[in-house]
>>> print(open('structure.txt').read())   # compact mmCIF, C-alpha atoms and all ligand atoms
# COMPACT_ATOMS: atom_id res chain seq x y z
CA MET A 1037 19.34 -19.49 6.41
CA GLU A 1038 22.59 -18.07 5.09
CA GLN A 1039 22.43 -17.45 1.36
CA LYS A 1040 25.09 -16.64 -1.19
CA THR A 1041 24.66 -14.29 -4.09
CA LYS A 1042 26.61 -14.50 -7.30
CA LYS A 1043 28.98 -11.96 -5.73
CA GLY A 1044 29.38 -14.05 -2.58
CA LYS A 1045 28.01 -13.38 0.87
CA ILE A 1046 26.05 -10.17 1.04
CA GLU A 1047 27.01 -7.64 3.63
CA GLY A 1048 24.95 -6.76 6.66
CA GLU A 1049 22.09 -8.77 8.06
CA PHE A 1050 20.37 -9.34 4.75
CA ARG A 1051 19.81 -13.05 4.30
CA PHE A 1052 17.27 -13.38 1.52
CA THR A 1053 18.09 -13.76 -2.15
CA MET A 1054 16.32 -14.82 -5.33
CA ALA A 1055 12.98 -16.15 -4.18
CA THR A 1056 14.49 -18.41 -1.55
CA VAL A 1057 12.19 -17.67 1.35
CA GLU A 1058 9.85 -20.57 1.84
CA MET A 1059 6.25 -19.98 2.79
CA ARG A 1060 6.81 -20.30 6.52
CA GLY A 1061 4.22 -19.98 9.27
CA PHE A 1062 4.03 -17.34 11.98
CA GLU A 1063 5.99 -19.52 14.37
CA ALA A 1064 9.25 -19.04 12.48
CA TYR A 1065 9.21 -15.30 13.23
CA TYR A 1066 7.42 -15.21 16.53
CA GLU A 1067 10.16 -15.41 19.13
CA SER A 1068 12.07 -12.37 18.00
CA GLU A 1069 9.23 -9.87 18.41
CA SER A 1070 7.74 -8.27 21.49
CA SER A 1071 4.15 -9.10 22.41
CA SER A 1072 3.08 -5.49 22.33
CA LYS A 1073 4.39 -5.01 18.80
CA LEU A 1074 2.45 -8.04 17.59
CA GLN A 1075 -0.71 -6.76 19.25
CA GLN A 1076 -0.19 -3.33 17.71
CA MET A 1077 0.16 -4.85 14.27
CA TYR A 1078 -3.06 -6.76 14.76
CA ARG A 1079 -4.89 -3.64 16.00
CA PHE A 1080 -3.97 -1.76 12.83
CA MET A 1081 -4.97 -4.68 10.63
CA ARG A 1082 -8.39 -4.92 12.29
CA LEU A 1083 -8.91 -1.14 12.25
CA ALA A 1084 -8.08 -1.07 8.54
CA ARG A 1085 -10.54 -3.89 7.90
CA CYS A 1086 -13.29 -1.93 9.70
CA VAL A 1087 -12.43 1.19 7.67
CA ASP A 1088 -12.72 -0.85 4.51
CA GLU A 1089 -16.14 -2.25 5.36
CA LYS A 1090 -17.39 1.24 6.22
CA CYS A 1091 -16.09 2.77 3.01
CA VAL A 1092 -17.77 0.24 0.76
CA ASN A 1093 -21.06 1.01 2.55
CA LEU A 1094 -20.52 4.77 2.25
CA GLN A 1095 -19.90 4.43 -1.46
CA ARG A 1096 -23.06 2.37 -1.87
CA GLN A 1097 -24.98 5.09 -0.01
CA GLY A 1098 -23.59 7.72 -2.39
CA LYS A 1099 -21.64 9.51 0.34
CA ILE A 1100 -18.30 8.90 -1.31
CA ALA A 1101 -17.99 8.66 -5.05
CA PHE A 1102 -15.60 5.77 -5.47
CA TYR A 1103 -13.52 3.40 -3.38
CA LEU A 1104 -10.75 0.85 -3.81
CA PRO A 1105 -11.32 -2.11 -1.46
CA GLN A 1106 -8.33 -3.14 0.62
CA ILE A 1107 -9.59 -6.41 2.10
CA GLY A 1108 -6.91 -9.10 2.02
CA HIS A 1109 -3.97 -6.68 1.81
CA GLU A 1110 -3.71 -5.78 5.49
CA ALA A 1111 -0.72 -8.01 6.27
CA CYS A 1112 1.32 -6.57 3.40
CA SER A 1113 0.48 -3.00 4.27
CA VAL A 1114 0.90 -3.19 8.05
CA GLY A 1115 3.89 -5.56 8.13
CA SER A 1116 5.90 -3.40 5.73
CA ALA A 1117 4.86 -0.05 7.25
CA PHE A 1118 6.16 -1.21 10.63
CA THR A 1119 9.69 -1.45 9.22
CA LEU A 1120 10.05 2.21 8.24
CA GLU A 1121 11.43 5.25 10.03
CA ASN A 1122 9.65 8.62 10.00
CA GLU A 1123 12.14 10.08 7.53
CA ASP A 1124 11.64 7.32 4.95
CA TRP A 1125 9.41 8.02 1.93
CA VAL A 1126 6.40 5.94 0.92
CA PHE A 1127 4.97 5.73 -2.59
CA PRO A 1128 1.72 3.81 -2.09
CA GLY A 1129 -0.41 1.93 -4.56
CA TYR A 1130 -4.19 1.70 -4.34
CA ARG A 1131 -4.46 -0.47 -1.25
CA GLU A 1132 -2.19 0.87 1.47
CA ILE A 1133 -4.67 2.58 3.80
CA ALA A 1134 -3.61 0.30 6.68
CA GLY A 1135 0.01 1.43 6.31
CA ALA A 1136 -1.02 5.09 6.25
CA LEU A 1137 -2.76 4.56 9.59
CA VAL A 1138 0.45 3.01 10.94
CA ARG A 1139 2.37 6.10 9.83
CA GLY A 1140 -0.08 8.36 11.65
CA TYR A 1141 -2.54 9.48 8.98
CA SER A 1142 -5.68 10.41 10.91
CA LEU A 1143 -9.08 8.87 10.27
CA ARG A 1144 -10.66 12.32 10.07
CA ASP A 1145 -8.21 13.34 7.35
CA LEU A 1146 -8.77 10.06 5.57
CA PHE A 1147 -12.55 10.33 5.40
CA SER A 1148 -12.35 14.04 4.53
CA GLN A 1149 -10.25 13.05 1.53
CA PHE A 1150 -12.63 10.24 0.53
CA ARG A 1151 -15.48 12.74 0.26
CA GLY A 1152 -13.35 15.73 -0.78
CA THR A 1153 -14.67 18.14 1.83
CA VAL A 1154 -13.31 21.55 2.84
CA ASN A 1155 -11.18 19.71 5.40
CA ASP A 1156 -9.41 17.74 2.70
CA ALA A 1157 -5.88 19.10 2.19
CA GLN A 1158 -6.31 18.36 -1.53
CA LYS A 1159 -9.64 20.28 -1.66
CA GLY A 1160 -11.40 17.37 -3.31
CA ARG A 1161 -9.27 17.47 -6.43
CA GLN A 1162 -7.83 13.99 -6.18
CA MET A 1163 -9.51 10.62 -6.64
CA PRO A 1164 -10.79 9.14 -3.37
CA VAL A 1165 -8.00 7.02 -1.78
CA PHE A 1166 -5.29 9.05 -3.58
CA PHE A 1167 -4.44 10.90 -0.38
CA SER A 1168 -1.05 12.31 0.54
CA ASP A 1169 0.68 14.00 3.45
CA ARG A 1170 4.16 15.47 3.35
CA SER A 1171 4.48 15.34 7.15
CA ILE A 1172 4.44 11.53 7.07
CA ARG A 1173 6.30 11.39 3.74
CA TRP A 1174 3.34 9.75 2.04
CA VAL A 1175 3.15 10.63 -1.64
CA SER A 1176 -0.17 10.48 -3.47
CA THR A 1177 -0.45 7.51 -5.76
CA SER A 1178 -1.05 8.37 -9.38
CA ALA A 1179 -3.58 6.94 -11.81
CA PRO A 1180 -0.98 5.70 -14.32
CA VAL A 1181 0.08 2.71 -12.29
CA GLY A 1182 3.86 2.65 -12.87
CA ASN A 1183 4.77 6.29 -12.30
CA ARG A 1184 5.36 5.91 -8.62
CA ILE A 1185 8.13 3.38 -9.22
CA ILE A 1186 10.41 5.86 -10.93
CA HIS A 1187 9.49 8.59 -8.47
CA ALA A 1188 10.58 6.31 -5.62
CA VAL A 1189 13.87 5.55 -7.34
CA GLY A 1190 14.46 9.26 -7.91
CA VAL A 1191 13.89 10.11 -4.25
CA ALA A 1192 16.20 7.29 -3.17
CA LEU A 1193 18.92 8.43 -5.55
CA ALA A 1194 18.62 12.01 -4.30
CA ALA A 1195 18.93 10.77 -0.71
CA LYS A 1196 21.98 8.74 -1.64
CA LEU A 1197 23.65 11.71 -3.34
CA LYS A 1198 22.93 13.89 -0.32
CA GLY A 1199 24.22 11.23 2.07
CA ASP A 1200 20.87 10.91 3.87
CA LYS A 1201 20.34 7.46 5.38
CA ILE A 1202 16.77 7.12 4.19
CA VAL A 1203 14.99 4.59 2.04
CA SER A 1204 12.01 4.82 -0.28
CA LEU A 1205 9.41 2.08 -0.41
CA VAL A 1206 7.11 1.78 -3.40
CA TYR A 1207 4.04 -0.48 -3.57
CA PHE A 1208 2.50 -1.77 -6.78
CA GLY A 1209 0.55 -4.76 -8.06
CA ASP A 1210 1.39 -7.62 -10.40
CA GLY A 1211 -0.28 -5.73 -13.27
CA THR A 1212 2.11 -2.82 -12.82
CA THR A 1213 5.10 -5.07 -13.51
CA SER A 1214 4.06 -5.03 -17.18
CA THR A 1215 4.60 -1.27 -17.49
CA ALA A 1216 7.70 0.32 -18.94
CA ASP A 1217 8.12 2.20 -15.66
CA PHE A 1218 8.71 -1.07 -13.81
CA HIS A 1219 11.63 -1.83 -16.14
CA THR A 1220 12.97 1.73 -16.03
CA GLY A 1221 12.78 1.91 -12.25
CA LEU A 1222 14.37 -1.44 -11.47
CA ASN A 1223 17.03 -1.07 -14.11
CA PHE A 1224 17.99 2.37 -12.82
CA ALA A 1225 17.97 1.14 -9.22
CA GLY A 1226 20.24 -1.75 -10.17
CA VAL A 1227 22.72 0.38 -12.09
CA PHE A 1228 22.87 3.21 -9.56
CA GLN A 1229 22.22 1.07 -6.47
CA THR A 1230 19.49 3.19 -4.94
CA PRO A 1231 18.08 2.42 -1.47
CA THR A 1232 14.63 1.51 -2.79
CA ILE A 1233 12.31 -1.29 -1.71
CA PHE A 1234 10.06 -2.42 -4.57
CA PHE A 1235 7.09 -4.03 -2.85
CA CYS A 1236 4.92 -5.91 -5.33
CA LEU A 1237 1.59 -7.09 -3.97
CA ASN A 1238 0.93 -9.98 -6.28
CA ASN A 1239 -2.81 -10.24 -5.62
CA GLN A 1240 -3.09 -12.30 -8.83
CA TYR A 1241 -5.32 -9.94 -10.77
CA ALA A 1242 -4.96 -6.62 -12.56
CA ILE A 1243 -8.64 -5.74 -12.56
CA SER A 1244 -9.87 -8.81 -14.51
CA LEU A 1245 -6.55 -9.97 -15.97
CA PRO A 1246 -5.16 -13.01 -14.10
CA PHE A 1247 -1.50 -13.35 -13.20
CA GLU A 1248 -0.82 -16.07 -15.80
CA ARG A 1249 -1.77 -13.59 -18.55
CA GLN A 1250 0.52 -10.96 -17.07
CA THR A 1251 3.86 -12.71 -17.41
CA ALA A 1252 5.39 -16.01 -18.51
CA SER A 1253 7.98 -15.75 -15.73
CA GLU A 1254 7.72 -18.23 -12.88
CA SER A 1255 7.45 -15.32 -10.45
CA ILE A 1256 7.81 -11.56 -10.20
CA ALA A 1257 10.68 -11.93 -7.74
CA ILE A 1258 12.83 -13.75 -10.29
CA LYS A 1259 12.80 -10.65 -12.50
CA ALA A 1260 15.12 -8.97 -9.98
CA LYS A 1261 17.98 -11.13 -11.22
CA ALA A 1262 17.88 -9.47 -14.63
CA TYR A 1263 18.34 -6.08 -12.98
CA GLY A 1264 21.19 -7.23 -10.75
CA ILE A 1265 19.26 -6.72 -7.53
CA ASP A 1266 17.96 -9.03 -4.82
CA GLY A 1267 14.47 -10.47 -5.21
CA VAL A 1268 12.35 -12.55 -2.91
CA ARG A 1269 8.85 -14.04 -2.92
CA ILE A 1270 7.04 -14.14 0.40
CA ASP A 1271 3.66 -15.04 1.85
CA GLY A 1272 1.79 -11.74 1.75
CA ASN A 1273 -0.87 -13.10 4.10
CA ASN A 1274 1.64 -13.66 6.90
CA VAL A 1275 2.21 -10.31 8.56
CA LEU A 1276 5.24 -11.56 10.48
CA GLN A 1277 6.99 -12.79 7.37
CA VAL A 1278 6.16 -9.54 5.59
CA TYR A 1279 7.57 -7.60 8.53
CA ASN A 1280 10.76 -9.62 8.89
CA VAL A 1281 11.68 -9.80 5.23
CA THR A 1282 10.88 -6.14 4.58
CA LYS A 1283 12.83 -5.14 7.69
CA ALA A 1284 15.89 -7.00 6.40
CA ALA A 1285 15.50 -5.34 3.00
CA VAL A 1286 15.08 -1.88 4.55
CA GLU A 1287 18.20 -2.33 6.67
CA HIS A 1288 20.09 -3.54 3.63
CA ALA A 1289 18.97 -0.45 1.71
CA ARG A 1290 19.74 1.93 4.55
CA ASN A 1291 23.13 0.49 5.50
CA ALA A 1292 24.46 -0.90 2.24
CA GLY A 1293 22.52 1.30 -0.19
CA ARG A 1294 21.06 -1.71 -1.99
CA PRO A 1295 17.60 -2.10 -3.61
CA THR A 1296 15.37 -5.17 -3.21
CA LEU A 1297 12.31 -6.46 -5.05
CA ILE A 1298 9.83 -8.15 -2.72
CA GLU A 1299 6.95 -10.09 -4.22
CA ALA A 1300 4.24 -10.70 -1.64
CA LEU A 1301 1.79 -13.38 -2.74
CA THR A 1302 -1.71 -12.48 -1.68
CA TYR A 1303 -5.25 -12.13 -3.02
CA ARG A 1304 -7.65 -9.25 -3.55
CA LEU A 1305 -10.68 -10.57 -1.67
CA ALA A 1306 -13.10 -7.95 -3.06
CA GLY A 1307 -13.51 -6.24 -6.41
CA HIS A 1308 -10.85 -4.03 -7.96
CA SER A 1309 -12.96 -1.00 -7.10
CA THR A 1310 -16.55 -0.23 -6.18
CA SER A 1311 -17.19 -0.04 -9.95
CA ASP A 1312 -16.03 -3.61 -10.54
CA ASP A 1313 -17.97 -6.89 -10.55
CA PRO A 1314 -15.37 -9.60 -9.87
CA THR A 1315 -17.92 -12.43 -10.31
CA ARG A 1316 -17.53 -11.78 -14.04
CA TYR A 1317 -13.96 -13.12 -14.07
CA ARG A 1318 -13.33 -15.39 -11.07
CA SER A 1319 -15.18 -18.23 -9.37
CA SER A 1320 -16.72 -18.12 -5.93
CA ALA A 1321 -14.81 -21.33 -5.12
CA GLU A 1322 -11.52 -19.52 -5.74
CA VAL A 1323 -12.55 -16.58 -3.58
CA SER A 1324 -13.72 -18.91 -0.79
CA GLU A 1325 -10.40 -20.72 -0.86
CA TRP A 1326 -8.56 -17.44 -0.30
CA MET A 1327 -11.07 -16.30 2.31
CA ARG A 1328 -9.76 -19.19 4.38
CA GLN A 1329 -6.32 -17.54 4.16
CA ASP A 1330 -7.68 -14.20 5.42
CA PRO A 1331 -4.56 -12.47 6.82
CA VAL A 1332 -6.43 -10.73 9.64
CA GLU A 1333 -8.25 -13.83 10.85
CA LYS A 1334 -5.17 -16.02 10.53
CA PHE A 1335 -3.10 -13.65 12.63
CA LYS A 1336 -5.84 -13.39 15.25
CA VAL A 1337 -5.98 -17.18 15.61
CA PHE A 1338 -2.20 -17.27 16.01
CA LEU A 1339 -2.19 -14.53 18.67
CA ILE A 1340 -4.96 -16.31 20.58
CA SER A 1341 -2.92 -19.53 20.47
CA LYS A 1342 -0.06 -17.62 22.16
CA ASN A 1343 -2.35 -16.07 24.76
CA LEU A 1344 -1.66 -12.65 23.28
CA TRP A 1345 -5.26 -12.06 22.28
CA SER A 1346 -8.74 -13.02 23.48
CA ASN A 1347 -12.36 -12.76 22.42
CA GLU A 1348 -12.88 -9.99 24.98
CA MET A 1349 -9.96 -8.00 23.54
CA GLU A 1350 -11.41 -8.53 20.08
CA GLU A 1351 -14.81 -7.18 21.10
CA LYS A 1352 -13.21 -4.16 22.75
CA LEU A 1353 -11.03 -3.46 19.72
CA LYS A 1354 -14.01 -3.64 17.36
CA GLU A 1355 -15.98 -1.25 19.56
CA GLU A 1356 -13.06 1.18 19.69
CA SER A 1357 -12.53 0.95 15.94
CA VAL A 1358 -16.20 1.58 15.20
CA ALA A 1359 -16.23 4.58 17.56
CA LEU A 1360 -13.15 6.09 15.88
CA ILE A 1361 -14.63 5.53 12.44
CA ASP A 1362 -18.03 6.92 13.43
CA ASP A 1363 -16.33 10.06 14.70
CA ALA A 1364 -14.45 10.46 11.40
CA VAL A 1365 -17.56 9.84 9.30
CA ASP A 1366 -19.50 12.36 11.37
CA TYR A 1367 -16.71 14.89 10.83
CA MET A 1368 -16.84 14.14 7.11
CA GLU A 1369 -20.62 14.44 6.85
CA LYS A 1370 -20.82 17.72 8.74
CA ALA A 1371 -18.25 19.42 6.52
CA GLU A 1372 -19.19 21.46 3.44
CA LEU A 1373 -17.79 20.64 0.03
CA PRO A 1374 -15.25 23.18 -1.30
CA SER A 1375 -16.87 26.12 -3.07
CA LYS A 1376 -16.66 26.31 -6.86
CA GLU A 1377 -14.39 29.35 -6.59
CA THR A 1378 -11.66 27.08 -5.26
CA LEU A 1379 -11.47 25.37 -8.66
CA ILE A 1380 -9.14 28.05 -9.98
CA GLN A 1381 -7.05 28.49 -6.85
CA ASP A 1382 -3.50 27.23 -6.22
CA VAL A 1383 -2.55 26.61 -9.84
CA TYR A 1384 -1.46 30.06 -11.05
CA ALA A 1385 -0.07 32.97 -9.03
CA ASP A 1386 -2.18 35.20 -11.28
CA VAL A 1387 -5.29 33.45 -12.54
CA PRO A 1388 -5.54 33.83 -16.34
CA ASP A 1389 -8.52 35.80 -17.64
CA ASN A 1390 -9.96 32.88 -19.57
CA LEU A 1391 -10.24 30.74 -16.43
CA ARG A 1392 -11.82 33.59 -14.49
CA GLU A 1393 -14.32 34.07 -17.31
CA GLU A 1394 -15.16 30.36 -17.37
CA LEU A 1395 -15.75 30.40 -13.62
CA ASP A 1396 -17.95 33.51 -13.86
CA ASP A 1397 -19.99 31.86 -16.64
CA MET A 1398 -20.44 28.73 -14.55
CA LEU A 1399 -21.49 30.64 -11.43
CA SER A 1400 -23.91 32.91 -13.31
CA SER A 1401 -25.57 29.98 -15.10
CA GLU A 1402 -26.64 28.36 -11.83
C1 LIG A 1501 -0.38 2.78 -17.13
C2 LIG A 1501 -1.79 2.35 -16.79
N1 LIG A 1501 -2.37 1.39 -17.53
C3 LIG A 1501 -3.63 0.99 -17.25
C4 LIG A 1501 -4.31 1.56 -16.20
C5 LIG A 1501 -5.74 1.11 -15.88
N2 LIG A 1501 -5.67 0.36 -14.63
C6 LIG A 1501 -6.03 0.94 -13.46
S1 LIG A 1501 -5.79 -0.10 -12.17
C7 LIG A 1501 -5.26 -1.31 -13.17
C8 LIG A 1501 -4.83 -2.66 -12.62
C9 LIG A 1501 -3.61 -2.55 -11.79
O1 LIG A 1501 -3.30 -3.83 -11.35
P1 LIG A 1501 -2.14 -4.07 -10.33
O2 LIG A 1501 -0.95 -3.29 -10.70
O3 LIG A 1501 -1.97 -5.56 -10.24
O4 LIG A 1501 -2.70 -3.48 -8.96
P2 LIG A 1501 -4.00 -3.89 -8.13
O5 LIG A 1501 -5.13 -3.06 -8.66
O6 LIG A 1501 -4.22 -5.34 -8.30
O7 LIG A 1501 -3.70 -3.51 -6.70
C10 LIG A 1501 -5.24 -0.93 -14.50
C11 LIG A 1501 -4.83 -1.78 -15.63
C12 LIG A 1501 -3.68 2.58 -15.46
N3 LIG A 1501 -4.27 3.16 -14.44
N4 LIG A 1501 -2.40 2.94 -15.75
>>> encode(input="structure.txt", output="structure tokens", more="lines below")
Ligand SMILES: Cc1ncc(C[n+]2csc(CCOP(=O)(O)OP(=O)(O)O)c2C)c(N)n1
Amino acid sequence: MEQKTKKGKIEGEFRFTMATVEMRGFEAYYESESSSKLQQMYRFMRLARCVDEKCVNLQRQGKIAFYLPQIGHEACSVGSAFTLENEDWVFPGYREIAGALVRGYSLRDLFSQFRGTVNDAQKGRQMPVFFSDRSIRWVSTSAPVGNRIIHAVGVALAAKLKGDKIVSLVYFGDGTTSTADFHTGLNFAGVFQTPTIFFCLNNQYAISLPFERQTASESIAIKAKAYGIDGVRIDGNNVLQVYNVTKAAVEHARNAGRPTLIEALTYRLAGHSTSDDPTRYRSSAEVSEWMRQDPVEKFKVFLISKNLWSNEMEEKLKEESVALIDDAVDYMEKAELPSKETLIQDVYADVPDNLREELDDMLSSE
């Protein structure tokens, strides 16, 4: 599938331009990958799904305060995370837990962050799911949804100026494309040609707002044209397509210093957060339709058809996943919460008197 851009053939191995990738099945990408890599991808997708189920339950039991369900996004998160090198930077959105596991974020650290225990590197000061870890170059997402886009462009530009062959990958949803930061980031990336991958998970809702109320454009991918960068729409429920297209974009960024906008079409199978009731704004028929496109189940069926997976392997994987998660939850539950004194630590070298007074008042009023 050789494509031409308006400037002619693009350099390197990059073959995808302006929303030209058809929704192809797994078969189209199967031959080129090793069996063990495919199985690894599946393992992470299933583990992430088990984490998700556990977290919703923990939130309902009051053991974690809040959670952002990830179900349905596993193919996007795992397929793209598999394309990155250790030195690349990731700017996640709300639903990239699976990718963090791929990059080596531990389950114990993850659950410690969800509850904000003394073992949480952020000391419980961030929202649950807003975890970060410099050692895996995973930057905390931020509540204002577009910020991370310009941060990712800034890091990529810095790398380019320093001559480092690294890329930055930023994830965001369809709703985030309506922010000024989306425009600023993509425009800047186009003008300065930064090695940034803009990975839009078009899950068709921004909380309750459906995609058709978000934009009058025929797609998100087509917006890349206005910024002078490559854009492509892919099937976000096909982990092999996500992997192959993102890999091509990452190589293009690393070797030719070019940005790409990837729009992965998918669906948020659960609510926006544990505070949301999605039955208020979408029909059960619609959800059922997308349940049939479940990226984890679809990939499992494909692997079984290739004799790369079996029901016995599935049972074993589920048992292993549950054991790992139980260990992490146990670790989380046994840990204390940070003491109130920690509230005024780490911000000032010398804590101002007024803060110390406020803390003393709070402690003495207990
Ligand atoms: C700048 C900004 N506006 C509004 C919000 C409130 N808000 C939080 S999440 C969200 C929806 C984001 O939708 P999308 O970007 O599609 O990501 P998704 O939640 O679907 O993964 C909104 C509007 C916010 N956090 N930041």
>>> closest_atom_pairs(input="structure.txt", of="chain A", to="ligand LIG 1501 (chain A)", cutoff="10 Å", atoms="all atoms listed in the file", output="tab-separated table")
residue	atom	partner	partner_atom	distance
A:Leu1104	CA	A:LIG1501	O5	8.4
A:Pro1105	CA	A:LIG1501	O7	9.4
A:Gln1106	CA	A:LIG1501	O7	8.7
A:His1109	CA	A:LIG1501	O7	9.1
A:Gly1129	CA	A:LIG1501	O7	6.7
A:Tyr1130	CA	A:LIG1501	O7	5.7
A:Arg1131	CA	A:LIG1501	O7	6.3
A:Glu1132	CA	A:LIG1501	O7	9.4
A:Ser1178	CA	A:LIG1501	N3	7.9
A:Ala1179	CA	A:LIG1501	N3	4.7
A:Pro1180	CA	A:LIG1501	N4	3.4
A:Val1181	CA	A:LIG1501	N4	4.3
A:Gly1182	CA	A:LIG1501	C1	6.0
A:Asn1183	CA	A:LIG1501	C1	7.9
A:Tyr1207	CA	A:LIG1501	O7	8.9
A:Phe1208	CA	A:LIG1501	O2	5.4
A:Gly1209	CA	A:LIG1501	O2	3.4
A:Asp1210	CA	A:LIG1501	O3	3.9
A:Gly1211	CA	A:LIG1501	O3	3.5
A:Thr1212	CA	A:LIG1501	O2	3.8
A:Thr1213	CA	A:LIG1501	O2	6.9
A:Ser1214	CA	A:LIG1501	O2	8.4
A:Thr1215	CA	A:LIG1501	C1	6.4
A:Ala1216	CA	A:LIG1501	C1	8.6
A:Asp1217	CA	A:LIG1501	C1	8.6
A:Cys1236	CA	A:LIG1501	O2	8.4
A:Leu1237	CA	A:LIG1501	O7	6.9
A:Asn1238	CA	A:LIG1501	O3	6.6
A:Asn1239	CA	A:LIG1501	O6	5.8
A:Gln1240	CA	A:LIG1501	O3	7.0
A:Tyr1241	CA	A:LIG1501	O6	5.3
A:Ala1242	CA	A:LIG1501	O1	3.5
A:Ile1243	CA	A:LIG1501	C8	4.9
A:Ser1244	CA	A:LIG1501	C8	8.2
A:Leu1245	CA	A:LIG1501	C8	8.2
A:Pro1246	CA	A:LIG1501	O3	9.0
A:Phe1247	CA	A:LIG1501	O3	8.3
A:Gln1250	CA	A:LIG1501	O3	9.1
A:Tyr1303	CA	A:LIG1501	O6	8.7
A:Arg1304	CA	A:LIG1501	O6	7.0
A:Gly1307	CA	A:LIG1501	O5	9.2
A:His1308	CA	A:LIG1501	O5	5.8
A:Ser1309	CA	A:LIG1501	O5	8.2
>>> atom_distance(input="structure.txt", atom1="atom CA of Asn1291 of chain A", atom2="atom CA of Val1191 of chain A")
16.5 Å
>>> closest_residue(input="structure.txt", among="A:Ala1284, A:Ile1202, A:Glu1063, A:Leu1222", to="Lys1261 of chain A", atoms="only C-alpha atoms")
A:Leu1222
>>> closest_residue(input="structure.txt", among="A:Arg1085, A:Arg1318, A:Arg1170, A:His1219", to="Trp1125 of chain A", atoms="only C-alpha atoms")
A:Arg1170
>>> residues_around(input="structure.txt", residues="segment 1158-1162 of chain A", least_positions_apart="2", cutoff="9 Å", atoms="all atoms listed in the file", output="PyMOL selection string")
chain A and resi 1148-1156+1164-1168+1176+1373-1374+1378-1379
>>> atom_distance(input="structure.txt", atom1="atom CA of Gln1277 of chain A", atom2="atom CA of Ile1298 of chain A")
11.5 Å
>>> closest_residue(input="structure.txt", among="A:Glu1069, A:Val1092, A:Val1087, A:Arg1328", to="Val1358 of chain A", atoms="all atoms listed in the file")
A:Val1087
